[in-house]
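Heads up, the thing below is written out as structure tokens.
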Amino acid sequence: MFQTKSGHALILRVHLPPGPASKPPGMTLVGVNAQHSWLDSHMRITGYQPISSEAEWASCNLRLGSAVNAVVQHLQLNPPSVVEITDESLQRIQASIAQPQPQFQPEQQQT
């Protein structure tokens, strides 16, 4: 779970394929319908070149954590356009983020 610069909370699920490590991981946004050049209609990350094919993944020499970090950073700084939040828990989280937080008020000294 991460927050974008536009203030949306998003969840990125990473799917590890069975079999050899040469297969790229699958990454999907869950709980939302959104639009972004890196997303397909099923919210799968398809625009991040290193996971676009087995050959790309095998030749990129990235570790899984670095690939996930790159995708999260890109989506944080270039957020998708969220059309709908479909997950109730994510809706509650988003509502709590959107509420203004109380500001700290220092105690005034009495004279």
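In the structure tokens, chains take letters A, B, ... by order of appearance, with residues numbered from 1 within each chain and ligands from 1 in the order shown.
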Step one, run DSSP on the backbone; step two, keep only residues of chain A assigned to helix (DSSP H, G or I); then write them as a PyMOL selection string. chain A and resi 49-51+54-60+64-77+88-98
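The set of residues in chain A assigned to strand (DSSP E or B) by DSSP, using only backbone atoms of this structure, is Phe2, Gln3, Ala9, Leu10, Ile11, Leu12, Arg13, Val14, His15, Gly26, Met27, Thr28, Leu29, Val30, Val32, Asn33, Ala34, Gln35, Leu39, Arg44, Ile45, Ser81, Val82, Val83, Glu84 and Ile85 of chain A.
When only C-alpha atoms are used to compute distances to Gly31 of chain A, the closest of the residues A:Leu62, A:Ala95, A:Ile45, A:Val83 turns out to be A:Val83.
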Contact residues around segment 9-23 of chain A with only C-alpha atoms at 10 Å, ignoring same-chain residues under 5 positions, as a PDB file with N, CA, C and O atoms, in the first residue's frame:
```pdb
ATOM      1  N   MET A   1       0.851  -1.158   0.000  1.00  0.00           N
ATOM      2  CA  MET A   1       0.000   0.000   0.000  1.00  0.00           C
ATOM      3  C   MET A   1       0.900   1.224   0.000  1.00  0.00           C
ATOM      4  O   MET A   1       1.924   1.257   0.675  1.00  0.00           O
ATOM      5  N   PHE A   2       0.498   2.235  -0.760  1.00  0.00           N
ATOM      6  CA  PHE A   2       1.243   3.475  -0.827  1.00  0.00           C
ATOM      7  C   PHE A   2       0.291   4.608  -1.170  1.00  0.00           C
ATOM      8  O   PHE A   2      -0.839   4.384  -1.587  1.00  0.00           O
ATOM      9  N   GLN A   3       0.759   5.834  -0.984  1.00  0.00           N
ATOM     10  CA  GLN A   3      -0.051   7.007  -1.274  1.00  0.00           C
ATOM     11  C   GLN A   3       0.591   7.782  -2.411  1.00  0.00           C
ATOM     12  O   GLN A   3       1.815   7.953  -2.446  1.00  0.00           O
ATOM     13  N   THR A   4      -0.229   8.264  -3.335  1.00  0.00           N
ATOM     14  CA  THR A   4       0.270   9.039  -4.458  1.00  0.00           C
ATOM     15  C   THR A   4       0.350  10.510  -4.087  1.00  0.00           C
ATOM     16  O   THR A   4      -0.234  10.954  -3.107  1.00  0.00           O
ATOM     17  N   THR A  28      -0.306  -5.894 -10.019  1.00  0.00           N
ATOM     18  CA  THR A  28      -1.675  -5.451 -10.251  1.00  0.00           C
ATOM     19  C   THR A  28      -2.094  -4.466  -9.170  1.00  0.00           C
ATOM     20  O   THR A  28      -1.812  -4.680  -7.989  1.00  0.00           O
ATOM     21  N   LEU A  29      -2.784  -3.399  -9.568  1.00  0.00           N
ATOM     22  CA  LEU A  29      -3.434  -2.539  -8.584  1.00  0.00           C
ATOM     23  C   LEU A  29      -4.735  -3.215  -8.195  1.00  0.00           C
ATOM     24  O   LEU A  29      -5.475  -3.687  -9.057  1.00  0.00           O
ATOM     25  N   VAL A  30      -5.020  -3.278  -6.910  1.00  0.00           N
ATOM     26  CA  VAL A  30      -6.248  -3.926  -6.448  1.00  0.00           C
ATOM     27  C   VAL A  30      -7.134  -2.908  -5.740  1.00  0.00           C
ATOM     28  O   VAL A  30      -6.659  -1.948  -5.146  1.00  0.00           O
ATOM     29  N   GLY A  31      -8.439  -3.143  -5.849  1.00  0.00           N
ATOM     30  CA  GLY A  31      -9.407  -2.315  -5.144  1.00  0.00           C
ATOM     31  C   GLY A  31      -9.792  -1.029  -5.849  1.00  0.00           C
ATOM     32  O   GLY A  31     -10.513  -0.215  -5.287  1.00  0.00           O
ATOM     33  N   VAL A  32      -9.292  -0.839  -7.085  1.00  0.00           N
ATOM     34  CA  VAL A  32      -9.617   0.366  -7.834  1.00  0.00           C
ATOM     35  C   VAL A  32      -9.831   0.051  -9.312  1.00  0.00           C
ATOM     36  O   VAL A  32      -9.344  -0.957  -9.815  1.00  0.00           O
ATOM     37  N   MET A  43      -6.174  -3.746 -14.567  1.00  0.00           N
ATOM     38  CA  MET A  43      -5.339  -3.071 -13.572  1.00  0.00           C
ATOM     39  C   MET A  43      -3.962  -3.725 -13.426  1.00  0.00           C
ATOM     40  O   MET A  43      -3.267  -3.530 -12.438  1.00  0.00           O
ATOM     41  N   ARG A  44      -3.564  -4.521 -14.427  1.00  0.00           N
ATOM     42  CA  ARG A  44      -2.219  -5.112 -14.424  1.00  0.00           C
ATOM     43  C   ARG A  44      -1.214  -4.085 -14.928  1.00  0.00           C
ATOM     44  O   ARG A  44      -1.488  -3.336 -15.865  1.00  0.00           O
ATOM     45  N   ILE A  45      -0.040  -4.080 -14.305  1.00  0.00           N
ATOM     46  CA  ILE A  45       1.049  -3.209 -14.747  1.00  0.00           C
ATOM     47  C   ILE A  45       1.642  -3.836 -16.003  1.00  0.00           C
ATOM     48  O   ILE A  45       2.218  -4.919 -15.962  1.00  0.00           O
ATOM     49  N   ILE A  51       9.348  -5.818 -16.822  1.00  0.00           N
ATOM     50  CA  ILE A  51       8.483  -6.981 -16.589  1.00  0.00           C
ATOM     51  C   ILE A  51       7.552  -7.247 -17.774  1.00  0.00           C
ATOM     52  O   ILE A  51       6.599  -7.998 -17.662  1.00  0.00           O
ATOM     53  N   SER A  53       8.201  -8.887 -20.525  1.00  0.00           N
ATOM     54  CA  SER A  53       8.369 -10.220 -21.122  1.00  0.00           C
ATOM     55  C   SER A  53       9.430 -10.995 -20.346  1.00  0.00           C
ATOM     56  O   SER A  53      10.193 -10.413 -19.565  1.00  0.00           O
ATOM     57  N   GLU A  54       9.482 -12.308 -20.594  1.00  0.00           N
ATOM     58  CA  GLU A  54      10.513 -13.122 -19.937  1.00  0.00           C
ATOM     59  C   GLU A  54      11.904 -12.683 -20.356  1.00  0.00           C
ATOM     60  O   GLU A  54      12.820 -12.625 -19.533  1.00  0.00           O
ATOM     61  N   ALA A  55      12.077 -12.343 -21.629  1.00  0.00           N
ATOM     62  CA  ALA A  55      13.392 -11.920 -22.115  1.00  0.00           C
ATOM     63  C   ALA A  55      13.831 -10.611 -21.465  1.00  0.00           C
ATOM     64  O   ALA A  55      14.989 -10.470 -21.062  1.00  0.00           O
ATOM     65  N   GLU A  56      12.899  -9.651 -21.348  1.00  0.00           N
ATOM     66  CA  GLU A  56      13.225  -8.384 -20.696  1.00  0.00           C
ATOM     67  C   GLU A  56      13.607  -8.604 -19.230  1.00  0.00           C
ATOM     68  O   GLU A  56      14.570  -8.040 -18.740  1.00  0.00           O
ATOM     69  N   TRP A  57      12.819  -9.427 -18.526  1.00  0.00           N
ATOM     70  CA  TRP A  57      13.081  -9.681 -17.112  1.00  0.00           C
ATOM     71  C   TRP A  57      14.426 -10.364 -16.925  1.00  0.00           C
ATOM     72  O   TRP A  57      15.204 -10.016 -16.037  1.00  0.00           O
ATOM     73  N   ALA A  58      14.723 -11.342 -17.779  1.00  0.00           N
ATOM     74  CA  ALA A  58      15.985 -12.076 -17.663  1.00  0.00           C
ATOM     75  C   ALA A  58      17.190 -11.177 -17.941  1.00  0.00           C
ATOM     76  O   ALA A  58      18.249 -11.340 -17.328  1.00  0.00           O
ATOM     77  N   SER A  59      17.031 -10.203 -18.830  1.00  0.00           N
ATOM     78  CA  SER A  59      18.174  -9.373 -19.212  1.00  0.00           C
ATOM     79  C   SER A  59      18.316  -8.093 -18.389  1.00  0.00           C
ATOM     80  O   SER A  59      19.347  -7.435 -18.445  1.00  0.00           O
ATOM     81  N   LEU A  64      13.552  -8.403  -7.496  1.00  0.00           N
ATOM     82  CA  LEU A  64      12.123  -8.143  -7.358  1.00  0.00           C
ATOM     83  C   LEU A  64      11.855  -6.863  -6.574  1.00  0.00           C
ATOM     84  O   LEU A  64      11.045  -6.029  -6.981  1.00  0.00           O
ATOM     85  N   VAL A  68       9.644  -3.629  -7.867  1.00  0.00           N
ATOM     86  CA  VAL A  68       8.448  -3.164  -7.156  1.00  0.00           C
ATOM     87  C   VAL A  68       8.632  -1.706  -6.746  1.00  0.00           C
ATOM     88  O   VAL A  68       7.732  -0.877  -6.932  1.00  0.00           O
ATOM     89  N   VAL A  71       8.151   0.656  -9.714  1.00  0.00           N
ATOM     90  CA  VAL A  71       6.747   0.797 -10.091  1.00  0.00           C
ATOM     91  C   VAL A  71       6.021   1.689  -9.085  1.00  0.00           C
ATOM     92  O   VAL A  71       5.277   2.603  -9.473  1.00  0.00           O
ATOM     93  N   VAL A  72       6.235   1.453  -7.796  1.00  0.00           N
ATOM     94  CA  VAL A  72       5.578   2.269  -6.761  1.00  0.00           C
ATOM     95  C   VAL A  72       5.990   3.733  -6.904  1.00  0.00           C
ATOM     96  O   VAL A  72       5.141   4.628  -6.886  1.00  0.00           O
ATOM     97  N   LEU A  75       4.250   5.333  -9.888  1.00  0.00           N
ATOM     98  CA  LEU A  75       2.826   5.576  -9.662  1.00  0.00           C
ATOM     99  C   LEU A  75       2.587   6.635  -8.585  1.00  0.00           C
ATOM    100  O   LEU A  75       1.565   7.325  -8.608  1.00  0.00           O
ATOM    101  N   GLN A  76       3.504   6.778  -7.649  1.00  0.00           N
ATOM    102  CA  GLN A  76       3.382   7.855  -6.652  1.00  0.00           C
ATOM    103  C   GLN A  76       3.545   9.222  -7.318  1.00  0.00           C
ATOM    104  O   GLN A  76       2.782  10.144  -7.045  1.00  0.00           O
ATOM    105  N   PRO A  79       0.596   9.644 -10.755  1.00  0.00           N
ATOM    106  CA  PRO A  79      -0.521   8.811 -10.301  1.00  0.00           C
ATOM    107  C   PRO A  79      -1.543   8.514 -11.396  1.00  0.00           C
ATOM    108  O   PRO A  79      -1.766   9.330 -12.292  1.00  0.00           O
ATOM    109  N   PRO A  80      -2.126   7.328 -11.298  1.00  0.00           N
ATOM    110  CA  PRO A  80      -3.215   7.016 -12.219  1.00  0.00           C
ATOM    111  C   PRO A  80      -4.435   7.851 -11.893  1.00  0.00           C
ATOM    112  O   PRO A  80      -4.575   8.370 -10.785  1.00  0.00           O
ATOM    113  N   VAL A  82      -7.880   7.725 -10.813  1.00  0.00           N
ATOM    114  CA  VAL A  82      -8.752   6.751 -10.162  1.00  0.00           C
ATOM    115  C   VAL A  82     -10.192   7.048 -10.553  1.00  0.00           C
ATOM    116  O   VAL A  82     -10.715   8.123 -10.272  1.00  0.00           O
ATOM    117  N   ILE A  85     -13.147   3.483  -6.569  1.00  0.00           N
ATOM    118  CA  ILE A  85     -12.553   2.623  -5.547  1.00  0.00           C
ATOM    119  C   ILE A  85     -13.552   1.508  -5.304  1.00  0.00           C
ATOM    120  O   ILE A  85     -14.681   1.754  -4.891  1.00  0.00           O
ATOM    121  N   LEU A  90     -10.350  -0.110   1.279  1.00  0.00           N
ATOM    122  CA  LEU A  90      -9.604   0.967   0.634  1.00  0.00           C
ATOM    123  C   LEU A  90     -10.419   2.262   0.630  1.00  0.00           C
ATOM    124  O   LEU A  90      -9.867   3.350   0.798  1.00  0.00           O
ATOM    125  N   GLN A  91     -11.740   2.157   0.492  1.00  0.00           N
ATOM    126  CA  GLN A  91     -12.599   3.343   0.578  1.00  0.00           C
ATOM    127  C   GLN A  91     -12.477   3.998   1.954  1.00  0.00           C
ATOM    128  O   GLN A  91     -12.383   5.221   2.062  1.00  0.00           O
ATOM    129  N   ILE A  93      -9.940   3.732   4.064  1.00  0.00           N
ATOM    130  CA  ILE A  93      -8.591   4.303   4.173  1.00  0.00           C
ATOM    131  C   ILE A  93      -8.535   5.628   3.426  1.00  0.00           C
ATOM    132  O   ILE A  93      -8.012   6.619   3.933  1.00  0.00           O
ATOM    133  N   GLN A  94      -9.098   5.653   2.230  1.00  0.00           N
ATOM    134  CA  GLN A  94      -9.081   6.877   1.434  1.00  0.00           C
ATOM    135  C   GLN A  94      -9.857   7.990   2.131  1.00  0.00           C
ATOM    136  O   GLN A  94      -9.431   9.141   2.143  1.00  0.00           O
ATOM    137  N   ALA A  95     -10.973   7.643   2.752  1.00  0.00           N
ATOM    138  CA  ALA A  95     -11.766   8.644   3.471  1.00  0.00           C
ATOM    139  C   ALA A  95     -10.978   9.214   4.645  1.00  0.00           C
ATOM    140  O   ALA A  95     -11.035  10.413   4.922  1.00  0.00           O
ATOM    141  N   ILE A  97      -7.733   9.442   4.879  1.00  0.00           N
ATOM    142  CA  ILE A  97      -6.645  10.266   4.340  1.00  0.00           C
ATOM    143  C   ILE A  97      -7.176  11.630   3.930  1.00  0.00           C
ATOM    144  O   ILE A  97      -6.531  12.648   4.128  1.00  0.00           O
ATOM    145  N   ALA A  98      -8.378  11.642   3.376  1.00  0.00           N
ATOM    146  CA  ALA A  98      -8.958  12.883   2.854  1.00  0.00           C
ATOM    147  C   ALA A  98      -9.404  13.832   3.955  1.00  0.00           C
ATOM    148  O   ALA A  98      -9.545  15.024   3.722  1.00  0.00           O
TER     149      ALA A  98
END
```
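Comparing A:Ser52, A:His8, A:Trp38, A:Asn78 by their smallest distance to Gly26 of chain A, the closest is A:Ser52 (using only C-alpha atoms).
Atom CA of Thr46 of chain A to atom CA of Ala67 of chain A spans 12.8 Å [interatomic distance, one decimal].
Atom to atom, atom CA of His42 of chain A and atom CA of Pro24 of chain A stand 17.5 Å apart.
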Atom CA of Pro25 of chain A to atom CA of Leu77 of chain A, straight-line distance in Å: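 Interatomic distance, atom CA of Leu77 of chain A to atom CA of Pro25 of chain A: 21.9 Å.
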Which residue gives the smallest distance to His74 of chain A among A:Asp40, A:Tyr48, A:Ser6, A:Asn33, with only C-alpha atoms counted?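 Ranking A:Asp40, A:Tyr48, A:Ser6, A:Asn33 by distance to His74 of chain A, first place goes to A:Tyr48.
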Which of these, A:Gln35, A:Thr86, A:Gly47, A:Met27, has the shortest distance to Asn69 of chain A once you count only C-alpha atoms?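 Under the stated criterion, the closest residue is A:Met27.
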